[in-house]
Amino acid sequence: MLGFVARRLLLAVFVLWGAVTVVFVVVRLVPADPALLMAGETATPEQLAALRAEMGLDQPLIAQYLQYVGNTLTGDFGRSYTQFVPAMDLIAQVLPNTALLALLACLLAVGVSFPLGLLAALRVNRFSDRAVTTLSLTTQSLPGFWIGIVLMLVFSRQLGWLPSAGLDSPQSLILPTITLALPFIAILTRMVRSGLIEVMGEGYITTARSKGLSERTVIFPHAIRNALIPVVTLVGLEFGTLLGGAVITETVFSFPGIGRLLVFSIGVRDYATVQACVVVIAVAFVLVNLFVDLLYGFLDPRVRNSR
Amino acid sequence: MTEPATARVDSLEGDPPLLRVEGLEVEFSTSAGVLRALDGVSFEVRAGETLAILGESGSGKSVTAQAVMALLPQPAGSIVGGRIWYGGRDIAAEPVKQVRKLCATEIAMIFQDPLSSLNPVFRVGDQVAEPFRRRRGMDKRQALGKALELLKRVGIPNAETRIRDYPHQFSGGQRQRIMIAMAIALKPRLLIADEPTTALDVTVQAQIMDLLADLQAETGMGLILISHDLGVVADVAQRAAIMYAGRVVETGSIREIYDHPAHPYPKGLLESIPSEGARGQRLTPISGSPPNLLAVPSGCPFHPRCEFAIDVCRTDVPMLRRPEGWEAGHEAACHRSEEVL
Amino acid sequence: ACSGSSETDPPEGEAGAALPDDQQNLTFVPNYGWAGSDISKAPLEIGMNIALKQTLEPLVTLDNEAQPQPHLAESWEWTTPTTLEIKIREGVTFSDGTPLVSGDVKGTLERYLAQKQALHAVLSIITGIEAPDDSTVILTTSAPTGTLVGVLSLVLIGKGEFSHAEATAEDDEYWARPIGTGPFVITDYVPNDLFKFERNDSYWGEKAKLKTLTMKQITDANGKLTALSNNQAQAVQNVSYDQFETVEAIPDVTLEQFESLSYYFVWFMNDRAPLDNPDVRRAMWMALDLPTIVESLYGESREVMDSFCPAAAFGCVPAENMPTYDPEGAKKLLADAGYPDGFTVDIIFSLANATDNALAQALISGWKDIGVTVEPRGLDAASWLAAFTGMDWYMDFQPNQTPTGDADYTLNRLYSCAAARLGYCNPELDALMTQAQQESDPEVRLDLYQQVVNIMAEDTPAIPLFSTKVNVAYRDNVQGLTVPPTEFINFSTVYLTE
Amino acid sequence: MADSTPLLKVRNLRVAYPIRSSVLMRHIGDNVAVSDVSFDLHQGETVGLVGESGSGKSTIARTIIGLVKASDGSIEFEGKDIARASWRQLKSIRREMQMVFQDPYASLNPRLTVRDIIAEAWRVHPGVVPRGAWTSEAKALMDRVGLNPDYSDRYPHQFSGGQRQRIGIARALALRPKLIVCDEAVSALDVSVQAQVLNLLEDLQADLDLSYLFISHDLSVIEHLCDRVLVLNRGVVVEQGTVDQLFDNPQDDYTKRLLAAVPVVRPWLEPT
Amino acid sequence: MTAALPPMITTTPIATPTTATQTMQRARRARRGVKIRITVPIIIIGLYVIGAITVPVIYGFDPLRTELVDRLKPPGTTLSNGSIAFLGTDQIGQDLFAQMMMGARVSLAVGASTLIFAGLAGVTVGLLAGHFGGWMDTVLMRIADVQLAFPAILLAILLASVLGQGLTNIIIVLSIANWVVFARVTRSQVLALKNREFVEAGRALGAGHFHLIVRTLLPGCVAPILVVATVEFGHVILAEAALSFLGVGVPIGVPSLGSTIQAGTAYLTSAWWISTLPGIALAGLVLATGVLGDALRDFYDPTLRGA
Ligand SMILES: Nc1ncnc2c1ncn2[C@@H]1O[C@H](COP(=O)(O)OP(=O)(O)OP(=O)(O)O)[C@@H](O)[C@H]1O
Ligand SMILES: Nc1ncnc2c1ncn2[C@@H]1O[C@H](COP(=O)(O)OP(=O)(O)OP(=O)(O)O)[C@@H](O)[C@H]1O
Ligand SMILES: [Mg+2]
Ligand SMILES: [Mg+2]
Ligand code: NI
């Protein structure tokens, strides 16, 4: 078990290094010069040169890279070019919001999709299955921002039940959570359904039935635990996407989150903040997947010793 | 075409049979059409007796077992005719839920494939203990105690520690024993063993067959042994039913069938076995290939491969019958049993 | 609910009594975001000005006639044509209690100058800054200049101790979350999201009526109006014309429009063929049916211009010979210039403003009708700036402001030979503009600017499209909210009633 | 037969599956599946390999055919050491050595027609049969193994178990090998089909002078088919000899146990 | 335990025809359903393709043209040029139906090209990783993880600024963001196939890596890849809409369904048709591919296919 974790950690470091390097390279491929953005359209070449020196942009790329990796290792992501505070401070302001949002969306998705998927799987090809499948397909077929805006117009504008912008109260989380969770619910429901259908055809389910167990006991825990295994992996992968992909929801609901910070920082070419955001998102992704791997090991004893 | 089996008066023993299958018909719907997997299967088993079901691959042996246990794959397969008498009830007519209550306590089953039949994510101890907990309402500790006893009984070494292991940590033979432990947990009155030793080598196979025989001697349970290994069957079973293309083509005592097969299929089967002492001799297989269940030949399904076939075989479906002068209970579904003998 | 009024509402309105103090909390959704919070690095960013002017104050403010009025400066005087002596108001303290002294003004000006930002062009005439005593600042300029005091309205005074020509990290940190003399104190700032203010209870002037003020950025059009309708925001700036109906349908909300100093233009790269031919540029102008475009896209919220800077600014007099919509004439001009089949050029614009897409498309459609193919190049704000300053374009289209409220600021800064912005240089025009800058008699200046815009209309270095009005939709219980032409809203007089 | 050079010469074969550390995939130990196995196989001879499950039968087969690397010892095919053969030599050795797999269905690519399955070998080894002759050759082979050549465009799932096994054999024959390794080639078949396949193997041997290495756990099949037998227990050959020696007069304990466990078809005929 | 058995009662009716036939009917219906679920979506997608190709031509649609006097006209309005806009007009006065079909053209093109590029890359990576295993697998799959951990939106925005707005960018970004799905699916399928004996059989024939990968493994992966492709097609089209929402989508003059929906959201309360009608069209398209994907999955699922 310990070796398993160690191996996972090692690979995680590799993934992080990859993300860190990619963001460094990609950010520097962009033509717009952060010094120019800071200095404005009237800046003279000397001014720009001075600014670049100050920002360390005049150094050879490889030196910048080494410096950057070194700093990142010590947890120093540099100062924001535009906000003049450590980039990490900016992230610390908004990361908890997005993390909470993603977590709530995840919980909601799991909480809703399991019963739905179960219902559909146990009544394959009957009405309830068709209804659930159609509903989830439809949900998946609408753009997320459109769903968000419509939810907002209905629940905030028309009914006036829920706040539509910012994060002032717990109620402020409801609409963004639903918006973020909906497509996820759709995927997960279908995943749970197909996973369960597959499992229900396995030999051990027949064995369980042959023991005279009630259909309920056959499903809980025999079928469900096996069906969970692929679903858990998906949740892990999607959670990473939720973190990085909350931008749309955050924009619709003017939610102070890391997605908007990232987009904004890219807009103003705030390298330090962009890099820090990406590292944070990558770390979250890696941690969640590490956790998922462990959970996987817990759920499926076959992977525990063999890997 | 179908033969509603006439209730035959049993002349062998006075006891009513434990299980009696009459004219069982099972169909599967597949993308290629409806497939009749069982077409009028009839047989019976008594307490303490071992009935062997033999037959080639795909002849419907496993499906018969599944039908009895109400375990046919849903929604593809269903019973479309016939009766399954157990304890005075026709369980073919009862809802699946009702039949399941008989499972494990009355009828239990050992499956063909021991790896896929054990749940990979639960400890074997828990799986073996499950019948005690769920059906007998024992608490966990008590049930595990019972499970341990059983595992020792079926010969799992170090059962005390291994009870906490998972299925994938056991060898094929051990898994098969765990399956047996689970099946016999509640001392069923009838055990159906579907090819319990196919995947195992001869030494392990012998151990398992001994185990089953011991159990039977102890509790007097009836045993249906499904196999295609004629040798294994001969060791343990008293009677046999031989299946071909979803029908029982011959039944009777093992010895009668082996020594005087009255149907060309069992006859051909027996002749195909490489016989000891005849090293290097050419084998004599049955010519032709197995029937396609989606297009079963008319009349006697075996006729295209049968050297005895005459015109009537191509048109009329033969019924199980006991020709004059045969031992009681030995019946064959062949128009020309007399010639075959 | 749309009134065109731009005069200040009476502070005590007709509506009910003011809400108790702990309910005097207002959320305002501004039209502009803020890329940062250091105003000295972007002194002309409207969004940052709106936010930071609640905390930091200038020496002078402009009145509705764009004339400077005393603020932190009690008075000023040109002691020589190139020496300006400013008296600092007595008794002003920063919100942390330290008094405002001339050193703060000196430091701030030095920082602004050192940043060499957008204001540099107009501030660089200052050659010397002295603070002989705590309440006096003396500025020396390189040449007589009538507009300097007006420009000072754009300089927000921070603490001298954190303002050096050679900026330190502490300086930058201070300016990012400044402590100022204004009516509000910054309590929270989330980049790109919100500014939170609290009343400065030790403010030197009339204390703010609001207890707290939040400026929240909401970019989505539906989000803005929804926030207004469910009272998450009490005022939102700049509702698009197409949404007017929707706003009017929201109960208890008023929509009000104000004159502003903002406008839109299309720039030509005047030295790049085929746009180096004034007739071609003129044809391009004549291809645009601006009245129809403005009328249908913006209704009365924007106005076709008759000059090269917004009419609300001083000196932006109507040009006498502005081209008008005439596609046939345009085609003829093109044919005469040697382009009977038209040509292909590009137009760059920043994607920051979503509504510009429709406008860009309308312009392109117009040009297409005279046979000119214009390829749209929408760029994100940063890339646009890079492309723009790199002069890598034929045409550019963007909004602009004249925050000093004086034609000099826009015309001289953009169209002089020295500006070298759009390949345009006309020495005759330069001479007139320099003259106008140094002149202090308004009548003479107006006359000079008349000549300037007439020449420009002839040369057509750019097409002024329309000037914009600003509008604010606010809940009926918001009192005292007015938008000056600069759009720098003063929230200290705003309050809420029941 | 003993004096001719053997077709296949296995000496001191040792196969170990490496156990790798979980972190760096470093090699930290060995799981020895086969140790010190030596035997010869001559042209035209059938050698049987028996032993309990997990005793290393498949491992030996796979090593000979080159799917697994030997960790020690040598395998010489027609005097050429497989371990030291270049990639090109190995390819030509593979032409001479083929394998029939245990599971007839799993070993046939479900997406190819019978013709393509057989022609696969010619695609891999260009020059054996010209492309234009593939169809006719494949049909000839099908005919040879007793499959209706008209079925050449059918897919594996359209055949019965015995027929599938024949397809496997036809594929193995496509390159006209000298040696065919049969890993439990008949274990999954029922006795009558099994008999068909065994007859076929014998016929082919007679016609083409083939050699077989025949792996099975069914001793009656071994007894029927093989000339010599090796008994394997835990990776070690515990006994080897001709069929007669072994079945009539087993020496090793394990062999005796194995033989004793074989069920008899008609136990009532056995003297007790 | 062995109590005497009660006497047999022979009055029970033979078998249970009702339930039995019902089950059979359901099974047959399900299979017939699969065929319908495959053909109907294909027809619908075909209609979209035909519409996307012909309608803009019939209407002489010029995406850069504006007809400002005809702005925001509701469905069925007669326009200034006498024609009837039966789906209304948008905010620049273009006929919404022509605009939608033009948008469908772009969306379909984006979806198809992305699938081709992402599919090619992902399948290649999946084949290599699965076939060679070992460090090759580790490295390739970690690169895939890096990709997942790296926010795609960052890439989109950065590419848009490097290359300028354009379809090419969007296709590149979406391809980069989507190859991982193909890689993962292909790899897992290869891993499943690899242990099948027919692959070993190929190896025993002396087949080289190329032969094994291309002729043996690849054909075995086609079914799951096809399924993923149909699902991803929908995802890609929606992702393009999301990019439009964030301002890095298609340029003006190249309207996609997503960008039309996005631009129309501002008018949801006043001119609902601009966003809603293309929204329905988009949902229809995505739904069709989603249903097709599900049906294909069922079609290829041996447990549902029967013997
Ligand atoms: N789920 C199913 N769907 C369709 N047909 C099935 C299904 N299960 C079994 N069959 C068919 O029913 C017939 C009988 O199968 P069964 O499993 O009973 O054979 P068997 O005698 O047990 O063979 P084996 O010796 O190979 O186990 C076969 O032709 C098979 O194809
Ligand atoms: N790929 C592998 N990696 C590690 N160990 C293996 C591998 N393949 C086989 N082994 C081990 O090598 C030993 C011999 O296996 P092999 O498959 O040769 O047995 P076998 O005699 O063919 O058994 P069976 O009759 O069950 O097929 C076993 O202990 C097995 O666990
Ligand atoms: Mg079976
Ligand atoms: Mg083996
Ligand atoms: Ni007959």
# chains A, B, ... in the order shown; residues from 1 in each chain; ligands from 1
>>> residues_near_ligand(ligand="ligand 2", cutoff="6 Å", atoms="only C-alpha atoms and all ligand atoms", output="MDAnalysis selection string")
chainID D and resid 17 33 52:59
>>> residues_around(residues="E:Ile171", least_positions_apart="5", cutoff="8 Å", atoms="only C-alpha atoms", output="MDAnalysis selection string")
chainID E and resid 110 113:114
>>> residues_around(residues="D:Val129", least_positions_apart="4", cutoff="12 Å", atoms="only C-alpha atoms", output="VMD selection string")
chain D and resid 118 to 125 133 to 138 174 to 176
>>> write_last_selection(atoms="all heavy atoms", output="compact mmCIF listing (two decimals), in the first residue's frame")
# COMPACT_ATOMS: atom_id res chain seq x y z
N ILE D 118 -5.93 -16.83 -41.92
CA ILE D 118 -4.89 -17.72 -42.44
C ILE D 118 -3.84 -16.92 -43.22
O ILE D 118 -2.65 -17.14 -43.08
CB ILE D 118 -5.53 -18.81 -43.33
CG1 ILE D 118 -6.45 -19.69 -42.47
CG2 ILE D 118 -4.48 -19.66 -44.01
CD1 ILE D 118 -7.29 -20.67 -43.25
N ALA D 119 -4.32 -15.94 -44.00
CA ALA D 119 -3.40 -15.16 -44.83
C ALA D 119 -2.52 -14.24 -44.00
O ALA D 119 -1.49 -13.75 -44.46
CB ALA D 119 -4.18 -14.35 -45.85
N GLU D 120 -2.94 -13.99 -42.76
CA GLU D 120 -2.17 -13.13 -41.86
C GLU D 120 -0.70 -13.57 -41.84
O GLU D 120 0.22 -12.76 -41.86
CB GLU D 120 -2.77 -13.24 -40.45
CG GLU D 120 -2.18 -12.31 -39.45
CD GLU D 120 -3.01 -11.05 -39.30
OE1 GLU D 120 -4.06 -10.95 -39.95
OE2 GLU D 120 -2.59 -10.18 -38.53
N ALA D 121 -0.49 -14.87 -41.78
CA ALA D 121 0.86 -15.40 -41.72
C ALA D 121 1.66 -15.01 -42.96
O ALA D 121 2.84 -14.68 -42.88
CB ALA D 121 0.80 -16.92 -41.59
N TRP D 122 1.00 -15.00 -44.10
CA TRP D 122 1.71 -14.67 -45.34
C TRP D 122 1.96 -13.18 -45.45
O TRP D 122 2.88 -12.74 -46.11
CB TRP D 122 0.89 -15.18 -46.54
CG TRP D 122 0.63 -16.64 -46.46
CD1 TRP D 122 1.50 -17.57 -45.97
CD2 TRP D 122 -0.55 -17.34 -46.83
NE1 TRP D 122 0.93 -18.82 -46.02
CE2 TRP D 122 -0.34 -18.70 -46.55
CE3 TRP D 122 -1.77 -16.95 -47.38
CZ2 TRP D 122 -1.30 -19.68 -46.79
CZ3 TRP D 122 -2.72 -17.92 -47.62
CH2 TRP D 122 -2.49 -19.28 -47.33
N ARG D 123 1.09 -12.42 -44.79
CA ARG D 123 1.30 -10.98 -44.78
C ARG D 123 2.54 -10.64 -43.95
O ARG D 123 3.35 -9.79 -44.30
CB ARG D 123 0.07 -10.30 -44.18
CG ARG D 123 -0.03 -8.82 -44.45
CD ARG D 123 -1.19 -8.24 -43.68
NE ARG D 123 -2.49 -8.73 -44.16
CZ ARG D 123 -3.13 -8.23 -45.21
NH1 ARG D 123 -2.62 -7.21 -45.86
NH2 ARG D 123 -4.28 -8.73 -45.58
N VAL D 124 2.65 -11.38 -42.83
CA VAL D 124 3.79 -11.14 -41.94
C VAL D 124 5.08 -11.64 -42.59
O VAL D 124 6.13 -11.01 -42.45
CB VAL D 124 3.55 -11.84 -40.59
CG1 VAL D 124 4.80 -11.80 -39.73
CG2 VAL D 124 2.39 -11.18 -39.86
N HIS D 125 5.00 -12.75 -43.28
CA HIS D 125 6.20 -13.30 -43.93
C HIS D 125 6.01 -13.21 -45.44
O HIS D 125 5.60 -14.18 -46.08
CB HIS D 125 6.41 -14.76 -43.54
CG HIS D 125 6.63 -14.94 -42.08
ND1 HIS D 125 7.87 -14.84 -41.49
CD2 HIS D 125 5.78 -15.21 -41.08
CE1 HIS D 125 7.76 -15.04 -40.19
NE2 HIS D 125 6.50 -15.26 -39.92
N ALA D 133 -2.34 -15.52 -54.68
CA ALA D 133 -2.70 -16.92 -54.44
C ALA D 133 -3.25 -17.14 -53.04
O ALA D 133 -3.56 -18.27 -52.66
CB ALA D 133 -1.48 -17.81 -54.67
N TRP D 134 -3.38 -16.05 -52.26
CA TRP D 134 -3.80 -16.20 -50.87
C TRP D 134 -5.13 -16.94 -50.74
O TRP D 134 -5.27 -17.86 -49.97
CB TRP D 134 -3.88 -14.84 -50.19
CG TRP D 134 -2.53 -14.28 -49.83
CD1 TRP D 134 -1.32 -14.86 -50.08
CD2 TRP D 134 -2.26 -13.04 -49.19
NE1 TRP D 134 -0.31 -14.06 -49.64
CE2 TRP D 134 -0.86 -12.93 -49.08
CE3 TRP D 134 -3.07 -12.01 -48.70
CZ2 TRP D 134 -0.24 -11.84 -48.49
CZ3 TRP D 134 -2.45 -10.93 -48.11
CH2 TRP D 134 -1.06 -10.84 -48.00
N THR D 135 -6.10 -16.47 -51.52
CA THR D 135 -7.43 -17.05 -51.37
C THR D 135 -7.41 -18.54 -51.70
O THR D 135 -7.92 -19.37 -50.94
CB THR D 135 -8.43 -16.32 -52.28
OG1 THR D 135 -8.29 -14.92 -52.02
CG2 THR D 135 -9.85 -16.76 -52.00
N SER D 136 -6.81 -18.88 -52.82
CA SER D 136 -6.83 -20.29 -53.22
C SER D 136 -6.04 -21.13 -52.22
O SER D 136 -6.48 -22.23 -51.84
CB SER D 136 -6.26 -20.43 -54.63
OG SER D 136 -4.96 -19.87 -54.67
N GLU D 137 -4.89 -20.60 -51.75
CA GLU D 137 -4.09 -21.34 -50.77
C GLU D 137 -4.86 -21.54 -49.48
O GLU D 137 -4.84 -22.62 -48.88
CB GLU D 137 -2.79 -20.58 -50.48
CG GLU D 137 -1.65 -20.91 -51.42
CD GLU D 137 -1.19 -22.36 -51.30
OE1 GLU D 137 -0.86 -22.77 -50.17
OE2 GLU D 137 -1.19 -23.08 -52.31
N ALA D 138 -5.53 -20.45 -49.04
CA ALA D 138 -6.27 -20.53 -47.79
C ALA D 138 -7.37 -21.58 -47.91
O ALA D 138 -7.59 -22.37 -46.99
CB ALA D 138 -6.87 -19.17 -47.45
N ALA D 174 -0.16 -22.75 -42.16
CA ALA D 174 -0.03 -21.87 -43.33
C ALA D 174 1.42 -21.67 -43.73
O ALA D 174 1.74 -21.53 -44.90
CB ALA D 174 -0.68 -20.52 -43.04
N LEU D 175 2.31 -21.65 -42.75
CA LEU D 175 3.71 -21.39 -43.07
C LEU D 175 4.48 -22.70 -43.24
O LEU D 175 5.70 -22.69 -43.29
CB LEU D 175 4.33 -20.53 -41.96
CG LEU D 175 3.79 -19.10 -41.89
CD1 LEU D 175 4.29 -18.38 -40.66
CD2 LEU D 175 4.18 -18.32 -43.13
N ARG D 176 3.78 -23.83 -43.29
CA ARG D 176 4.41 -25.14 -43.41
C ARG D 176 5.50 -25.32 -42.38
O ARG D 176 6.68 -25.51 -42.72
CB ARG D 176 5.03 -25.32 -44.80
CG ARG D 176 4.13 -24.89 -45.91
CD ARG D 176 3.95 -25.98 -46.93
NE ARG D 176 2.72 -25.75 -47.66
CZ ARG D 176 2.61 -24.87 -48.66
NH1 ARG D 176 3.63 -24.17 -49.03
NH2 ARG D 176 1.45 -24.71 -49.26
>>> residues_around(residues="D:Asp103", least_positions_apart="2", cutoff="8 Å", atoms="only C-alpha atoms", output="PyMOL selection string")
(chain D and resi 101+105-107+185+188) or (chain E and resi 197)
>>> interface_residues(of="chain A", to="chain B", cutoff="12 Å", atoms="only C-alpha atoms", output="compact mmCIF listing (two decimals) with N, CA and C atoms, in the first residue's frame")
# COMPACT_ATOMS: atom_id res chain seq x y z
N LEU A 122 -32.06 -0.45 -13.08
CA LEU A 122 -32.90 -1.54 -12.61
C LEU A 122 -34.17 -1.67 -13.45
N ARG A 123 -34.42 -0.67 -14.25
CA ARG A 123 -35.61 -0.74 -15.09
C ARG A 123 -35.21 -0.51 -16.53
N VAL A 124 -34.17 -1.23 -16.96
CA VAL A 124 -33.65 -1.02 -18.31
C VAL A 124 -34.77 -1.08 -19.33
N ASN A 125 -34.77 -0.11 -20.22
CA ASN A 125 -35.69 -0.06 -21.35
C ASN A 125 -37.15 0.15 -20.95
N ARG A 126 -37.38 0.37 -19.65
CA ARG A 126 -38.76 0.71 -19.31
C ARG A 126 -38.89 2.22 -19.28
N ILE A 197 -25.66 -1.82 -15.22
CA ILE A 197 -26.19 -2.81 -16.15
C ILE A 197 -25.14 -3.88 -16.43
N VAL A 199 -22.56 -4.69 -14.55
CA VAL A 199 -22.29 -5.49 -13.36
C VAL A 199 -23.41 -6.50 -13.13
N MET A 200 -24.65 -6.07 -13.41
CA MET A 200 -25.77 -6.97 -13.15
C MET A 200 -25.71 -8.23 -14.01
N GLY A 201 -24.89 -8.20 -15.06
CA GLY A 201 -24.77 -9.38 -15.89
C GLY A 201 -23.61 -10.28 -15.47
N GLU A 202 -22.88 -9.88 -14.42
CA GLU A 202 -21.70 -10.65 -14.03
C GLU A 202 -22.09 -11.93 -13.30
N GLY A 203 -21.16 -12.85 -13.32
CA GLY A 203 -21.42 -14.15 -12.69
C GLY A 203 -21.67 -14.05 -11.20
N TYR A 204 -20.97 -13.13 -10.52
CA TYR A 204 -21.13 -13.10 -9.06
C TYR A 204 -22.49 -12.58 -8.64
N ILE A 205 -23.14 -11.85 -9.55
CA ILE A 205 -24.50 -11.41 -9.24
C ILE A 205 -25.42 -12.63 -9.27
N THR A 206 -25.21 -13.47 -10.27
CA THR A 206 -25.98 -14.72 -10.33
C THR A 206 -25.72 -15.54 -9.07
N THR A 207 -24.46 -15.59 -8.66
CA THR A 207 -24.13 -16.33 -7.43
C THR A 207 -24.91 -15.76 -6.25
N ALA A 208 -24.88 -14.44 -6.15
CA ALA A 208 -25.57 -13.81 -5.03
C ALA A 208 -27.05 -14.17 -5.06
N ARG A 209 -27.62 -14.15 -6.25
CA ARG A 209 -29.03 -14.50 -6.36
C ARG A 209 -29.25 -15.95 -5.97
N SER A 210 -28.29 -16.80 -6.37
CA SER A 210 -28.46 -18.22 -6.09
C SER A 210 -28.38 -18.48 -4.59
N LYS A 211 -27.86 -17.50 -3.83
CA LYS A 211 -27.86 -17.67 -2.39
C LYS A 211 -29.21 -17.30 -1.82
N GLY A 212 -30.13 -16.97 -2.70
CA GLY A 212 -31.47 -16.64 -2.24
C GLY A 212 -31.56 -15.26 -1.63
N LEU A 213 -30.59 -14.41 -1.94
CA LEU A 213 -30.63 -13.06 -1.37
C LEU A 213 -31.73 -12.26 -2.06
N SER A 214 -32.28 -11.33 -1.30
CA SER A 214 -33.30 -10.47 -1.92
C SER A 214 -32.62 -9.57 -2.95
N GLU A 215 -33.40 -9.10 -3.91
CA GLU A 215 -32.83 -8.28 -4.97
C GLU A 215 -32.14 -7.04 -4.38
N ARG A 216 -32.67 -6.56 -3.27
CA ARG A 216 -32.05 -5.40 -2.62
C ARG A 216 -30.64 -5.70 -2.17
N THR A 217 -30.48 -6.86 -1.54
CA THR A 217 -29.16 -7.24 -1.05
C THR A 217 -28.24 -7.52 -2.22
N VAL A 218 -28.80 -8.00 -3.31
CA VAL A 218 -27.97 -8.25 -4.47
C VAL A 218 -27.39 -6.92 -4.97
N PRO A 221 -24.88 -4.78 -1.06
CA PRO A 221 -23.72 -4.09 -1.60
C PRO A 221 -23.13 -4.77 -2.83
N HIS A 222 -23.64 -5.92 -3.24
CA HIS A 222 -22.89 -6.69 -4.24
C HIS A 222 -22.66 -5.92 -5.53
N ALA A 223 -23.75 -5.42 -6.12
CA ALA A 223 -23.60 -4.78 -7.42
C ALA A 223 -23.00 -3.38 -7.28
N ILE A 224 -23.48 -2.66 -6.30
CA ILE A 224 -23.16 -1.23 -6.25
C ILE A 224 -21.67 -1.01 -6.08
N ARG A 225 -21.06 -1.84 -5.25
CA ARG A 225 -19.64 -1.59 -4.98
C ARG A 225 -18.80 -1.82 -6.23
N ASN A 226 -19.19 -2.80 -7.00
CA ASN A 226 -18.46 -3.04 -8.25
C ASN A 226 -18.74 -1.95 -9.27
N ALA A 227 -19.98 -1.50 -9.29
CA ALA A 227 -20.34 -0.47 -10.26
C ALA A 227 -19.66 0.85 -9.91
N LEU A 228 -19.38 1.03 -8.62
CA LEU A 228 -18.76 2.27 -8.16
C LEU A 228 -17.37 2.47 -8.74
N ILE A 229 -16.68 1.35 -8.98
CA ILE A 229 -15.26 1.45 -9.30
C ILE A 229 -14.99 2.36 -10.51
N TYR A 296 -9.94 3.89 -4.95
CA TYR A 296 -10.00 2.79 -5.90
C TYR A 296 -9.44 1.53 -5.26
N GLY A 297 -8.29 1.70 -4.63
CA GLY A 297 -7.66 0.57 -3.96
C GLY A 297 -8.55 0.04 -2.85
N PHE A 298 -9.22 0.96 -2.19
CA PHE A 298 -10.10 0.54 -1.11
C PHE A 298 -11.29 -0.23 -1.67
N LEU A 299 -11.82 0.25 -2.79
CA LEU A 299 -13.00 -0.38 -3.36
C LEU A 299 -12.66 -1.70 -4.05
N ASP A 300 -11.51 -1.72 -4.69
CA ASP A 300 -11.17 -2.90 -5.48
C ASP A 300 -9.89 -3.53 -4.94
N PRO A 301 -10.03 -4.60 -4.17
CA PRO A 301 -8.85 -5.19 -3.54
C PRO A 301 -7.84 -5.70 -4.56
N ARG A 302 -8.28 -5.93 -5.80
CA ARG A 302 -7.36 -6.50 -6.77
C ARG A 302 -6.21 -5.58 -7.09
N VAL A 303 -6.43 -4.27 -7.00
CA VAL A 303 -5.34 -3.37 -7.36
C VAL A 303 -4.39 -3.13 -6.18
N ARG A 304 -4.80 -3.52 -4.98
CA ARG A 304 -4.00 -3.17 -3.82
C ARG A 304 -2.60 -3.75 -3.86
N ASN A 305 -2.51 -5.04 -4.04
CA ASN A 305 -1.17 -5.62 -3.98
C ASN A 305 -0.54 -5.70 -5.34
N SER A 306 -1.39 -5.79 -6.36
CA SER A 306 -0.80 -6.12 -7.65
C SER A 306 -0.03 -4.96 -8.25
>>> interface_residues(of="chain A", to="chain C", cutoff="9 Å", atoms="only C-alpha atoms", output="JSON, numbers by chain")
{"A": [30, 31, 32, 33, 34, 36, 37, 38, 39, 40, 41, 42, 43, 44, 47, 82, 83, 84, 85, 90, 93, 94, 149, 152, 153, 156, 157, 158, 160, 161, 162, 163, 164, 165, 166, 251, 252, 253, 254, 255, 256, 260, 261, 264, 265, 266, 267, 268, 269]}
